[in-house]
Amino acid sequence: RPIKGAVPLALAVLHISNPDYGVIDQLSRLSHDPDAEISQNAVLAMGIVSAGTNNSRVAGLLRQLGEFYSKEAGHMFCVRIAQGLLHMGKGLMTLNPVHSDRMLTNPAALGGILVIIHSCLDLKSTLLDKTHYLLYYLTCAMNPRMLVTVNEDMSWRPVTVRVGQAVETVGQAGKPKTITGFQTHSTPVLLGAQERAELGTEEVLSVSSVLEGVVILKDNPDYEEEEGS
């Protein structure tokens, strides 16, 4: 039983702010488990998995759970926390502890999430009792998921970027495509957990190699405007 109670939490840690269809499906089934601890963990896990994504499917499932558990105080607390995480920062924030094209982990962010995961192993005497303030540890992991481009003097500079699903290019020869199925937007743009952005114009160069968060741009000295444009 204790191991089964940790399964939804393990799924949550593997898919933070990344509401994969299959994972949400599995957590939805576990949220109706007759064991109260497992179902409460599954509800909180749904919140962590969908944190800051405004995912409409999860929003619908949490509304249904709110009606289903309307008489259970502990479950209702978990549902409300999960709904708060889902709509975190009106969909502009993420809990994802990895950055720099998912190469590096932010230890403080991961630590904050693990505090919550550990307290979920005994909800009755932690979050559902007098130490509900442990939820504030999630602030260590919260960060904006926008890509904002600025000039070297930090003034805002909108440019065209392509946003698409990230493709693994490690060890491939030549210049392989780093994203697939992209859409072209003007910054600022929101990036999902598995998405990557690249500049859509050669007019500017990025100071950093990874387009994430606030990116400083500078003019490309070799750029020549096409004739007739």
# chains A, B, ... in the order shown; residues from 1 in each chain; ligands from 1
call {"tool": "residues_around", "arguments": {"residues": "A:Thr178", "least_positions_apart": "5", "cutoff": "8 Å", "atoms": "only C-alpha atoms", "output": "VMD selection string"}}
result
chain A and resid 166 to 169 196
call {"tool": "write_last_selection", "arguments": {"atoms": "N, CA, C and O atoms", "output": "mmCIF file, in the first residue's frame"}}
result
data_model
loop_
_atom_site.group_PDB
_atom_site.id
_atom_site.type_symbol
_atom_site.label_atom_id
_atom_site.label_comp_id
_atom_site.auth_asym_id
_atom_site.auth_seq_id
_atom_site.Cartn_x
_atom_site.Cartn_y
_atom_site.Cartn_z
ATOM 1 N N ALA A 166 10.952 20.121 -29.568
ATOM 2 C CA ALA A 166 12.412 19.965 -29.576
ATOM 3 C C ALA A 166 12.806 18.597 -30.121
ATOM 4 O O ALA A 166 12.153 17.597 -29.850
ATOM 5 N N VAL A 167 13.877 18.564 -30.911
ATOM 6 C CA VAL A 167 14.393 17.318 -31.480
ATOM 7 C C VAL A 167 15.800 17.088 -30.926
ATOM 8 O O VAL A 167 16.608 18.015 -30.867
ATOM 9 N N GLU A 168 16.075 15.862 -30.526
ATOM 10 C CA GLU A 168 17.410 15.529 -29.995
ATOM 11 C C GLU A 168 18.411 15.491 -31.139
ATOM 12 O O GLU A 168 18.248 14.730 -32.096
ATOM 13 N N THR A 169 19.462 16.323 -31.067
ATOM 14 C CA THR A 169 20.438 16.391 -32.179
ATOM 15 C C THR A 169 21.850 16.020 -31.735
ATOM 16 O O THR A 169 22.798 16.237 -32.470
ATOM 17 N N ARG A 196 10.991 24.167 -28.025
ATOM 18 C CA ARG A 196 12.244 24.918 -28.185
ATOM 19 C C ARG A 196 11.985 26.047 -29.185
ATOM 20 O O ARG A 196 11.132 25.912 -30.059
#
call {"tool": "residues_around", "arguments": {"residues": "stretch 36-48 of chain A", "least_positions_apart": "2", "cutoff": "6 Å", "atoms": "only C-alpha atoms", "output": "JSON, numbers by chain"}}
result
{"A": [5, 8, 9, 12, 16, 27, 30, 31, 32, 33, 50, 51, 75, 78, 82, 85, 86]}
call {"tool": "write_last_selection", "arguments": {"atoms": "all heavy atoms", "output": "short mmCIF file (atom, residue, chain, number, x, y, z; two decimals), in the first residue's frame"}}
result
data_model
loop_
_atom_site.label_atom_id
_atom_site.label_comp_id
_atom_site.auth_asym_id
_atom_site.auth_seq_id
_atom_site.Cartn_x
_atom_site.Cartn_y
_atom_site.Cartn_z
N GLY A 5 0.82 4.19 -3.00
CA GLY A 5 0.55 5.60 -2.72
C GLY A 5 1.61 6.52 -3.31
O GLY A 5 1.34 7.70 -3.59
N PRO A 8 1.53 7.75 -7.93
CA PRO A 8 1.15 9.02 -8.57
C PRO A 8 2.19 10.12 -8.36
O PRO A 8 2.41 10.94 -9.25
CB PRO A 8 -0.19 9.39 -7.90
CG PRO A 8 -0.35 8.49 -6.74
CD PRO A 8 0.49 7.29 -6.99
N LEU A 9 2.86 10.10 -7.20
CA LEU A 9 3.89 11.12 -6.94
C LEU A 9 5.10 10.92 -7.85
O LEU A 9 5.68 11.90 -8.34
CB LEU A 9 4.32 11.05 -5.47
CG LEU A 9 3.20 11.24 -4.43
CD1 LEU A 9 3.72 10.99 -3.03
CD2 LEU A 9 2.60 12.63 -4.54
N ALA A 12 4.29 12.23 -11.16
CA ALA A 12 4.32 13.70 -11.14
C ALA A 12 5.74 14.22 -11.30
O ALA A 12 5.99 15.15 -12.06
CB ALA A 12 3.71 14.21 -9.84
N ILE A 16 6.81 16.97 -14.61
CA ILE A 16 6.48 18.25 -13.98
C ILE A 16 6.13 19.29 -15.07
O ILE A 16 6.91 19.50 -16.00
CB ILE A 16 7.65 18.75 -13.12
CG1 ILE A 16 7.94 17.75 -11.99
CG2 ILE A 16 7.34 20.13 -12.53
CD1 ILE A 16 9.25 17.99 -11.27
N LEU A 27 -3.41 9.06 -13.85
CA LEU A 27 -3.68 9.79 -12.60
C LEU A 27 -5.18 9.96 -12.37
O LEU A 27 -5.66 9.92 -11.24
CB LEU A 27 -2.99 11.16 -12.60
CG LEU A 27 -1.46 11.14 -12.53
CD1 LEU A 27 -0.90 12.55 -12.69
CD2 LEU A 27 -0.98 10.54 -11.22
N LEU A 30 -6.35 6.77 -10.88
CA LEU A 30 -5.92 6.65 -9.49
C LEU A 30 -6.67 7.62 -8.56
O LEU A 30 -6.78 7.38 -7.36
CB LEU A 30 -4.41 6.89 -9.38
CG LEU A 30 -3.51 5.77 -9.89
CD1 LEU A 30 -2.07 6.25 -10.00
CD2 LEU A 30 -3.56 4.55 -8.99
N SER A 31 -7.19 8.72 -9.12
CA SER A 31 -7.88 9.71 -8.28
C SER A 31 -9.23 9.20 -7.78
O SER A 31 -9.85 9.82 -6.93
CB SER A 31 -8.07 11.03 -9.04
OG SER A 31 -8.94 10.84 -10.13
N HIS A 32 -9.69 8.07 -8.33
CA HIS A 32 -10.95 7.45 -7.86
C HIS A 32 -10.68 6.19 -7.05
O HIS A 32 -11.58 5.39 -6.83
CB HIS A 32 -11.86 7.12 -9.05
CG HIS A 32 -12.41 8.35 -9.72
ND1 HIS A 32 -13.49 9.06 -9.22
CD2 HIS A 32 -12.02 9.01 -10.83
CE1 HIS A 32 -13.73 10.09 -10.00
NE2 HIS A 32 -12.85 10.08 -10.98
N ASP A 33 -9.43 6.02 -6.61
CA ASP A 33 -9.06 4.83 -5.83
C ASP A 33 -9.78 4.85 -4.48
O ASP A 33 -9.94 5.92 -3.87
CB ASP A 33 -7.54 4.83 -5.60
CG ASP A 33 -7.02 3.47 -5.18
OD1 ASP A 33 -7.10 3.17 -3.97
OD2 ASP A 33 -6.55 2.72 -6.06
N SER A 50 0.31 19.30 -14.38
CA SER A 50 -0.28 20.31 -15.27
C SER A 50 0.04 21.73 -14.82
O SER A 50 -0.55 22.68 -15.33
CB SER A 50 -1.79 20.12 -15.32
OG SER A 50 -2.34 20.30 -14.02
N ALA A 51 0.97 21.90 -13.87
CA ALA A 51 1.22 23.21 -13.27
C ALA A 51 1.52 24.30 -14.31
O ALA A 51 2.43 24.15 -15.11
CB ALA A 51 2.37 23.11 -12.27
N HIS A 75 -10.01 15.73 0.52
CA HIS A 75 -9.97 15.65 -0.94
C HIS A 75 -10.23 17.03 -1.57
O HIS A 75 -9.59 17.39 -2.56
CB HIS A 75 -10.99 14.64 -1.45
CG HIS A 75 -10.56 13.22 -1.28
ND1 HIS A 75 -10.76 12.53 -0.11
CD2 HIS A 75 -9.93 12.36 -2.13
CE1 HIS A 75 -10.28 11.30 -0.25
NE2 HIS A 75 -9.77 11.17 -1.46
N CYS A 78 -7.15 19.11 -1.57
CA CYS A 78 -6.22 18.67 -2.64
C CYS A 78 -6.69 19.15 -4.01
O CYS A 78 -5.87 19.59 -4.83
CB CYS A 78 -6.10 17.15 -2.63
SG CYS A 78 -5.31 16.50 -1.14
N ALA A 82 -4.66 21.65 -6.46
CA ALA A 82 -4.35 21.22 -7.84
C ALA A 82 -4.87 22.23 -8.85
O ALA A 82 -4.19 22.54 -9.85
CB ALA A 82 -4.95 19.84 -8.09
N LEU A 85 -2.57 25.18 -8.88
CA LEU A 85 -1.32 24.89 -9.61
C LEU A 85 -1.56 24.90 -11.12
O LEU A 85 -0.75 25.43 -11.88
CB LEU A 85 -0.77 23.53 -9.18
CG LEU A 85 -0.17 23.45 -7.77
CD1 LEU A 85 0.16 22.00 -7.43
CD2 LEU A 85 1.09 24.29 -7.67
N LEU A 86 -2.68 24.32 -11.54
CA LEU A 86 -3.01 24.24 -12.98
C LEU A 86 -3.06 25.64 -13.60
O LEU A 86 -2.51 25.87 -14.68
CB LEU A 86 -4.36 23.52 -13.16
CG LEU A 86 -5.01 23.61 -14.54
CD1 LEU A 86 -4.18 22.85 -15.56
CD2 LEU A 86 -6.42 23.04 -14.51
#
call {"tool": "closest_residue", "arguments": {"among": "A:Gln194, A:Ser186, A:Asn220, A:Ser208", "to": "A:Asp20", "atoms": "only C-alpha atoms"}}
result
A:Gln194
call {"tool": "residues_around", "arguments": {"residues": "A:Glu224", "least_positions_apart": "6", "cutoff": "12 Å", "atoms": "only C-alpha atoms", "output": "PDB file with C-alpha atoms, in the first residue's frame"}}
result
ATOM      1  CA  THR A 201      15.375  36.137 -38.846  1.00  0.00           C
ATOM      2  CA  GLU A 202      19.091  36.631 -39.569  1.00  0.00           C
ATOM      3  CA  GLU A 203      18.808  40.339 -38.815  1.00  0.00           C
ATOM      4  CA  VAL A 204      19.770  39.765 -35.162  1.00  0.00           C
TER       5      VAL A 204
END
call {"tool": "closest_residue", "arguments": {"among": "A:Leu11, A:Leu190, A:Cys120, A:Leu65", "to": "A:Ile24", "atoms": "only C-alpha atoms"}}
result
A:Leu11
call {"tool": "residues_around", "arguments": {"residues": "A:Phe182", "least_positions_apart": "5", "cutoff": "6 Å", "atoms": "only C-alpha atoms", "output": "PDB file with N, CA, C and O atoms, in the first residue's frame"}}
result
ATOM      1  N   ARG A 162      10.650  30.955 -34.250  1.00  0.00           N
ATOM      2  CA  ARG A 162       9.943  29.715 -34.578  1.00  0.00           C
ATOM      3  C   ARG A 162       9.896  28.850 -33.324  1.00  0.00           C
ATOM      4  O   ARG A 162      10.927  28.594 -32.709  1.00  0.00           O
ATOM      5  N   VAL A 163       8.707  28.422 -32.956  1.00  0.00           N
ATOM      6  CA  VAL A 163       8.532  27.590 -31.760  1.00  0.00           C
ATOM      7  C   VAL A 163       7.978  26.236 -32.192  1.00  0.00           C
ATOM      8  O   VAL A 163       6.970  26.172 -32.899  1.00  0.00           O
ATOM      9  N   GLY A 164       8.657  25.158 -31.779  1.00  0.00           N
ATOM     10  CA  GLY A 164       8.196  23.812 -32.156  1.00  0.00           C
ATOM     11  C   GLY A 164       8.684  22.770 -31.167  1.00  0.00           C
ATOM     12  O   GLY A 164       9.372  23.085 -30.194  1.00  0.00           O
TER      13      GLY A 164
END
call {"tool": "closest_residue", "arguments": {"among": "A:Gly74, A:Pro2, A:Gly192, A:Gly112", "to": "A:Asn55", "atoms": "only C-alpha atoms"}}
result
A:Gly192
call {"tool": "atom_distance", "arguments": {"atom1": "atom CA of A:His15", "atom2": "atom CA of A:Val79"}}
result
18.6 Å
call {"tool": "residues_around", "arguments": {"residues": "A:Val98", "least_positions_apart": "5", "cutoff": "9 Å", "atoms": "only C-alpha atoms", "output": "PyMOL selection string"}}
result
chain A and resi 103-106+109-110
call {"tool": "select_by_dssp", "arguments": {"residues": "stretch 100-156 of chain A", "states": "helix (DSSP H, G or I)", "output": "NGL selection string"}}
result
:A and (107-120 or 123-125 or 132-140)
call {"tool": "write_last_selection", "arguments": {"atoms": "C-alpha atoms", "output": "PDB file, in the first residue's frame"}}
result
ATOM      1  CA  PRO A 107      18.745  22.080  -7.512  1.00  0.00           C
ATOM      2  CA  ALA A 108      16.730  24.604  -5.461  1.00  0.00           C
ATOM      3  CA  ALA A 109      13.670  24.084  -7.677  1.00  0.00           C
ATOM      4  CA  LEU A 110      13.934  20.296  -7.540  1.00  0.00           C
ATOM      5  CA  GLY A 111      14.469  20.458  -3.769  1.00  0.00           C
ATOM      6  CA  GLY A 112      11.326  22.545  -3.308  1.00  0.00           C
ATOM      7  CA  ILE A 113       9.275  20.039  -5.324  1.00  0.00           C
ATOM      8  CA  LEU A 114      10.733  17.085  -3.398  1.00  0.00           C
ATOM      9  CA  VAL A 115       9.720  18.700  -0.077  1.00  0.00           C
ATOM     10  CA  ILE A 116       6.102  18.632  -1.295  1.00  0.00           C
ATOM     11  CA  ILE A 117       6.439  15.076  -2.657  1.00  0.00           C
ATOM     12  CA  HIS A 118       7.844  13.824   0.673  1.00  0.00           C
ATOM     13  CA  SER A 119       5.101  15.537   2.665  1.00  0.00           C
ATOM     14  CA  CYS A 120       2.521  13.876   0.367  1.00  0.00           C
ATOM     15  CA  LEU A 123      -0.690  13.845   3.970  1.00  0.00           C
ATOM     16  CA  LYS A 124      -2.774  13.335   7.117  1.00  0.00           C
ATOM     17  CA  SER A 125      -0.078  14.682   9.424  1.00  0.00           C
ATOM     18  CA  HIS A 132       0.079  23.153   5.219  1.00  0.00           C
ATOM     19  CA  TYR A 133       2.573  26.046   4.898  1.00  0.00           C
ATOM     20  CA  LEU A 134       5.030  23.493   3.418  1.00  0.00           C
ATOM     21  CA  LEU A 135       3.252  24.242   0.112  1.00  0.00           C
ATOM     22  CA  TYR A 136       5.194  27.522   0.025  1.00  0.00           C
ATOM     23  CA  TYR A 137       8.285  25.469  -0.883  1.00  0.00           C
ATOM     24  CA  LEU A 138       6.852  25.288  -4.405  1.00  0.00           C
ATOM     25  CA  THR A 139       7.824  28.941  -4.873  1.00  0.00           C
ATOM     26  CA  CYS A 140      11.468  27.757  -5.170  1.00  0.00           C
TER      27      CYS A 140
END
call {"tool": "closest_residue", "arguments": {"among": "A:Glu198, A:Glu72, A:Glu225, A:Asp122", "to": "A:Val210", "atoms": "only C-alpha atoms"}}
result
A:Glu198
call {"tool": "residues_around", "arguments": {"residues": "A:Pro188", "least_positions_apart": "6", "cutoff": "8 Å", "atoms": "only C-alpha atoms", "output": "ChimeraX atom specification"}}
result
/A:146-149,158
call {"tool": "write_last_selection", "arguments": {"atoms": "N, CA and C atoms", "output": "mmCIF file, in the first residue's frame"}}
result
data_model
loop_
_atom_site.group_PDB
_atom_site.id
_atom_site.type_symbol
_atom_site.label_atom_id
_atom_site.label_comp_id
_atom_site.auth_asym_id
_atom_site.auth_seq_id
_atom_site.Cartn_x
_atom_site.Cartn_y
_atom_site.Cartn_z
ATOM 1 N N MET A 146 7.975 32.382 -20.231
ATOM 2 C CA MET A 146 7.977 33.232 -21.425
ATOM 3 C C MET A 146 9.380 33.303 -22.021
ATOM 4 N N LEU A 147 9.434 33.555 -23.317
ATOM 5 C CA LEU A 147 10.701 33.923 -23.974
ATOM 6 C C LEU A 147 10.560 35.394 -24.328
ATOM 7 N N VAL A 148 11.379 36.225 -23.715
ATOM 8 C CA VAL A 148 11.330 37.675 -23.944
ATOM 9 C C VAL A 148 12.661 38.103 -24.548
ATOM 10 N N THR A 149 12.605 38.845 -25.636
ATOM 11 C CA THR A 149 13.850 39.302 -26.284
ATOM 12 C C THR A 149 14.042 40.794 -26.025
ATOM 13 N N PRO A 158 10.828 43.145 -29.958
ATOM 14 C CA PRO A 158 10.101 42.002 -30.522
ATOM 15 C C PRO A 158 10.750 41.518 -31.823
#
call {"tool": "closest_residue", "arguments": {"among": "A:Phe68, A:Gly171, A:Leu121, A:Arg80", "to": "A:Ile3", "atoms": "only C-alpha atoms"}}
result
A:Leu121
call {"tool": "atom_distance", "arguments": {"atom1": "atom CA of A:Leu128", "atom2": "atom CA of A:Ala6"}}
result
16.9 Å
call {"tool": "closest_residue", "arguments": {"among": "A:Glu212, A:Ser17, A:Arg157, A:Val23", "to": "A:Met142", "atoms": "only C-alpha atoms"}}
result
A:Ser17
call {"tool": "select_by_dssp", "arguments": {"residues": "stretch 51-228 of chain A", "states": "strand (DSSP E)", "output": "PyMOL selection string"}}
result
chain A and resi 93-94+98-99+104-105+143-144+146-150+160-166+179-186+189-190+195-199+204-206+213-219
call {"tool": "atom_distance", "arguments": {"atom1": "atom CA of A:Gly181", "atom2": "atom CA of A:Gly60"}}
result
27.4 Å
call {"tool": "decode", "arguments": {"residues": "stretch 69-167 of chain A", "atoms": "C-alpha atoms", "output": "PDB file, in the first residue's frame"}}
result
ATOM      1  CA  TYR A  69     -15.487  14.702  -3.405  1.00  0.00           C
ATOM      2  CA  SER A  70     -17.663  17.673  -2.339  1.00  0.00           C
ATOM      3  CA  LYS A  71     -18.334  16.059   1.071  1.00  0.00           C
ATOM      4  CA  GLU A  72     -14.675  15.105   1.775  1.00  0.00           C
ATOM      5  CA  ALA A  73     -12.702  18.000   3.307  1.00  0.00           C
ATOM      6  CA  GLY A  74      -9.238  16.460   2.703  1.00  0.00           C
ATOM      7  CA  HIS A  75      -9.965  15.650  -0.937  1.00  0.00           C
ATOM      8  CA  MET A  76     -11.488  19.093  -1.552  1.00  0.00           C
ATOM      9  CA  PHE A  77      -8.325  20.746  -0.187  1.00  0.00           C
ATOM     10  CA  CYS A  78      -6.220  18.674  -2.636  1.00  0.00           C
ATOM     11  CA  VAL A  79      -8.541  19.515  -5.552  1.00  0.00           C
ATOM     12  CA  ARG A  80      -8.354  23.262  -4.817  1.00  0.00           C
ATOM     13  CA  ILE A  81      -4.544  23.169  -4.541  1.00  0.00           C
ATOM     14  CA  ALA A  82      -4.349  21.220  -7.838  1.00  0.00           C
ATOM     15  CA  GLN A  83      -6.629  23.781  -9.533  1.00  0.00           C
ATOM     16  CA  GLY A  84      -4.436  26.589  -8.211  1.00  0.00           C
ATOM     17  CA  LEU A  85      -1.324  24.887  -9.606  1.00  0.00           C
ATOM     18  CA  LEU A  86      -3.008  24.242 -12.978  1.00  0.00           C
ATOM     19  CA  HIS A  87      -3.873  27.942 -13.446  1.00  0.00           C
ATOM     20  CA  MET A  88      -0.642  29.155 -11.809  1.00  0.00           C
ATOM     21  CA  GLY A  89       0.167  32.715 -12.886  1.00  0.00           C
ATOM     22  CA  LYS A  90      -2.754  32.530 -15.371  1.00  0.00           C
ATOM     23  CA  GLY A  91      -0.722  30.010 -17.359  1.00  0.00           C
ATOM     24  CA  LEU A  92       2.454  32.119 -17.540  1.00  0.00           C
ATOM     25  CA  MET A  93       4.460  30.183 -14.915  1.00  0.00           C
ATOM     26  CA  THR A  94       6.003  26.721 -14.738  1.00  0.00           C
ATOM     27  CA  LEU A  95       7.386  24.417 -12.041  1.00  0.00           C
ATOM     28  CA  ASN A  96       9.809  22.733 -14.433  1.00  0.00           C
ATOM     29  CA  PRO A  97      13.186  22.428 -12.620  1.00  0.00           C
ATOM     30  CA  VAL A  98      15.199  21.849 -15.820  1.00  0.00           C
ATOM     31  CA  HIS A  99      16.540  24.610 -18.047  1.00  0.00           C
ATOM     32  CA  SER A 100      19.053  25.307 -20.839  1.00  0.00           C
ATOM     33  CA  ASP A 101      17.301  22.981 -23.321  1.00  0.00           C
ATOM     34  CA  ARG A 102      16.652  20.474 -20.513  1.00  0.00           C
ATOM     35  CA  MET A 103      20.404  19.965 -20.032  1.00  0.00           C
ATOM     36  CA  LEU A 104      20.695  21.455 -16.532  1.00  0.00           C
ATOM     37  CA  THR A 105      18.673  21.034 -13.350  1.00  0.00           C
ATOM     38  CA  ASN A 106      17.991  23.810 -10.870  1.00  0.00           C
ATOM     39  CA  PRO A 107      18.745  22.080  -7.512  1.00  0.00           C
ATOM     40  CA  ALA A 108      16.730  24.604  -5.461  1.00  0.00           C
ATOM     41  CA  ALA A 109      13.670  24.084  -7.677  1.00  0.00           C
ATOM     42  CA  LEU A 110      13.934  20.296  -7.540  1.00  0.00           C
ATOM     43  CA  GLY A 111      14.469  20.458  -3.769  1.00  0.00           C
ATOM     44  CA  GLY A 112      11.326  22.545  -3.308  1.00  0.00           C
ATOM     45  CA  ILE A 113       9.275  20.039  -5.324  1.00  0.00           C
ATOM     46  CA  LEU A 114      10.733  17.085  -3.398  1.00  0.00           C
ATOM     47  CA  VAL A 115       9.720  18.700  -0.077  1.00  0.00           C
ATOM     48  CA  ILE A 116       6.102  18.632  -1.295  1.00  0.00           C
ATOM     49  CA  ILE A 117       6.439  15.076  -2.657  1.00  0.00           C
ATOM     50  CA  HIS A 118       7.844  13.824   0.673  1.00  0.00           C
ATOM     51  CA  SER A 119       5.101  15.537   2.665  1.00  0.00           C
ATOM     52  CA  CYS A 120       2.521  13.876   0.367  1.00  0.00           C
ATOM     53  CA  LEU A 121       3.733  10.463   1.586  1.00  0.00           C
ATOM     54  CA  ASP A 122       1.963  11.270   4.868  1.00  0.00           C
ATOM     55  CA  LEU A 123      -0.690  13.845   3.970  1.00  0.00           C
ATOM     56  CA  LYS A 124      -2.774  13.335   7.117  1.00  0.00           C
ATOM     57  CA  SER A 125      -0.078  14.682   9.424  1.00  0.00           C
ATOM     58  CA  THR A 126       1.511  17.260   7.056  1.00  0.00           C
ATOM     59  CA  LEU A 127      -0.421  19.236   4.425  1.00  0.00           C
ATOM     60  CA  LEU A 128      -3.853  18.192   5.756  1.00  0.00           C
ATOM     61  CA  ASP A 129      -2.826  18.966   9.337  1.00  0.00           C
ATOM     62  CA  LYS A 130      -0.921  21.948  10.752  1.00  0.00           C
ATOM     63  CA  THR A 131       2.027  22.093   8.330  1.00  0.00           C
ATOM     64  CA  HIS A 132       0.079  23.153   5.219  1.00  0.00           C
ATOM     65  CA  TYR A 133       2.573  26.046   4.898  1.00  0.00           C
ATOM     66  CA  LEU A 134       5.030  23.493   3.418  1.00  0.00           C
ATOM     67  CA  LEU A 135       3.252  24.242   0.112  1.00  0.00           C
ATOM     68  CA  TYR A 136       5.194  27.522   0.025  1.00  0.00           C
ATOM     69  CA  TYR A 137       8.285  25.469  -0.883  1.00  0.00           C
ATOM     70  CA  LEU A 138       6.852  25.288  -4.405  1.00  0.00           C
ATOM     71  CA  THR A 139       7.824  28.941  -4.873  1.00  0.00           C
ATOM     72  CA  CYS A 140      11.468  27.757  -5.170  1.00  0.00           C
ATOM     73  CA  ALA A 141      10.508  26.020  -8.425  1.00  0.00           C
ATOM     74  CA  MET A 142       8.192  28.660  -9.902  1.00  0.00           C
ATOM     75  CA  ASN A 143       9.563  30.628 -12.818  1.00  0.00           C
ATOM     76  CA  PRO A 144       8.072  32.343 -15.893  1.00  0.00           C
ATOM     77  CA  ARG A 145       7.875  30.266 -19.058  1.00  0.00           C
ATOM     78  CA  MET A 146       7.977  33.232 -21.425  1.00  0.00           C
ATOM     79  CA  LEU A 147      10.701  33.923 -23.974  1.00  0.00           C
ATOM     80  CA  VAL A 148      11.330  37.675 -23.944  1.00  0.00           C
ATOM     81  CA  THR A 149      13.850  39.302 -26.284  1.00  0.00           C
ATOM     82  CA  VAL A 150      15.579  42.581 -25.341  1.00  0.00           C
ATOM     83  CA  ASN A 151      18.285  44.886 -26.704  1.00  0.00           C
ATOM     84  CA  GLU A 152      21.664  45.246 -25.018  1.00  0.00           C
ATOM     85  CA  ASP A 153      20.299  48.232 -23.050  1.00  0.00           C
ATOM     86  CA  MET A 154      17.482  45.894 -21.809  1.00  0.00           C
ATOM     87  CA  SER A 155      14.798  47.697 -23.858  1.00  0.00           C
ATOM     88  CA  TRP A 156      12.140  45.358 -25.253  1.00  0.00           C
ATOM     89  CA  ARG A 157      12.752  44.142 -28.828  1.00  0.00           C
ATOM     90  CA  PRO A 158      10.101  42.002 -30.522  1.00  0.00           C
ATOM     91  CA  VAL A 159      11.478  39.618 -33.177  1.00  0.00           C
ATOM     92  CA  THR A 160      10.162  36.671 -35.153  1.00  0.00           C
ATOM     93  CA  VAL A 161      10.852  33.263 -33.606  1.00  0.00           C
ATOM     94  CA  ARG A 162       9.943  29.715 -34.578  1.00  0.00           C
ATOM     95  CA  VAL A 163       8.532  27.590 -31.760  1.00  0.00           C
ATOM     96  CA  GLY A 164       8.196  23.812 -32.156  1.00  0.00           C
ATOM     97  CA  GLN A 165       8.761  20.418 -30.566  1.00  0.00           C
ATOM     98  CA  ALA A 166      12.412  19.965 -29.576  1.00  0.00           C
ATOM     99  CA  VAL A 167      14.393  17.318 -31.480  1.00  0.00           C
TER     100      VAL A 167
END
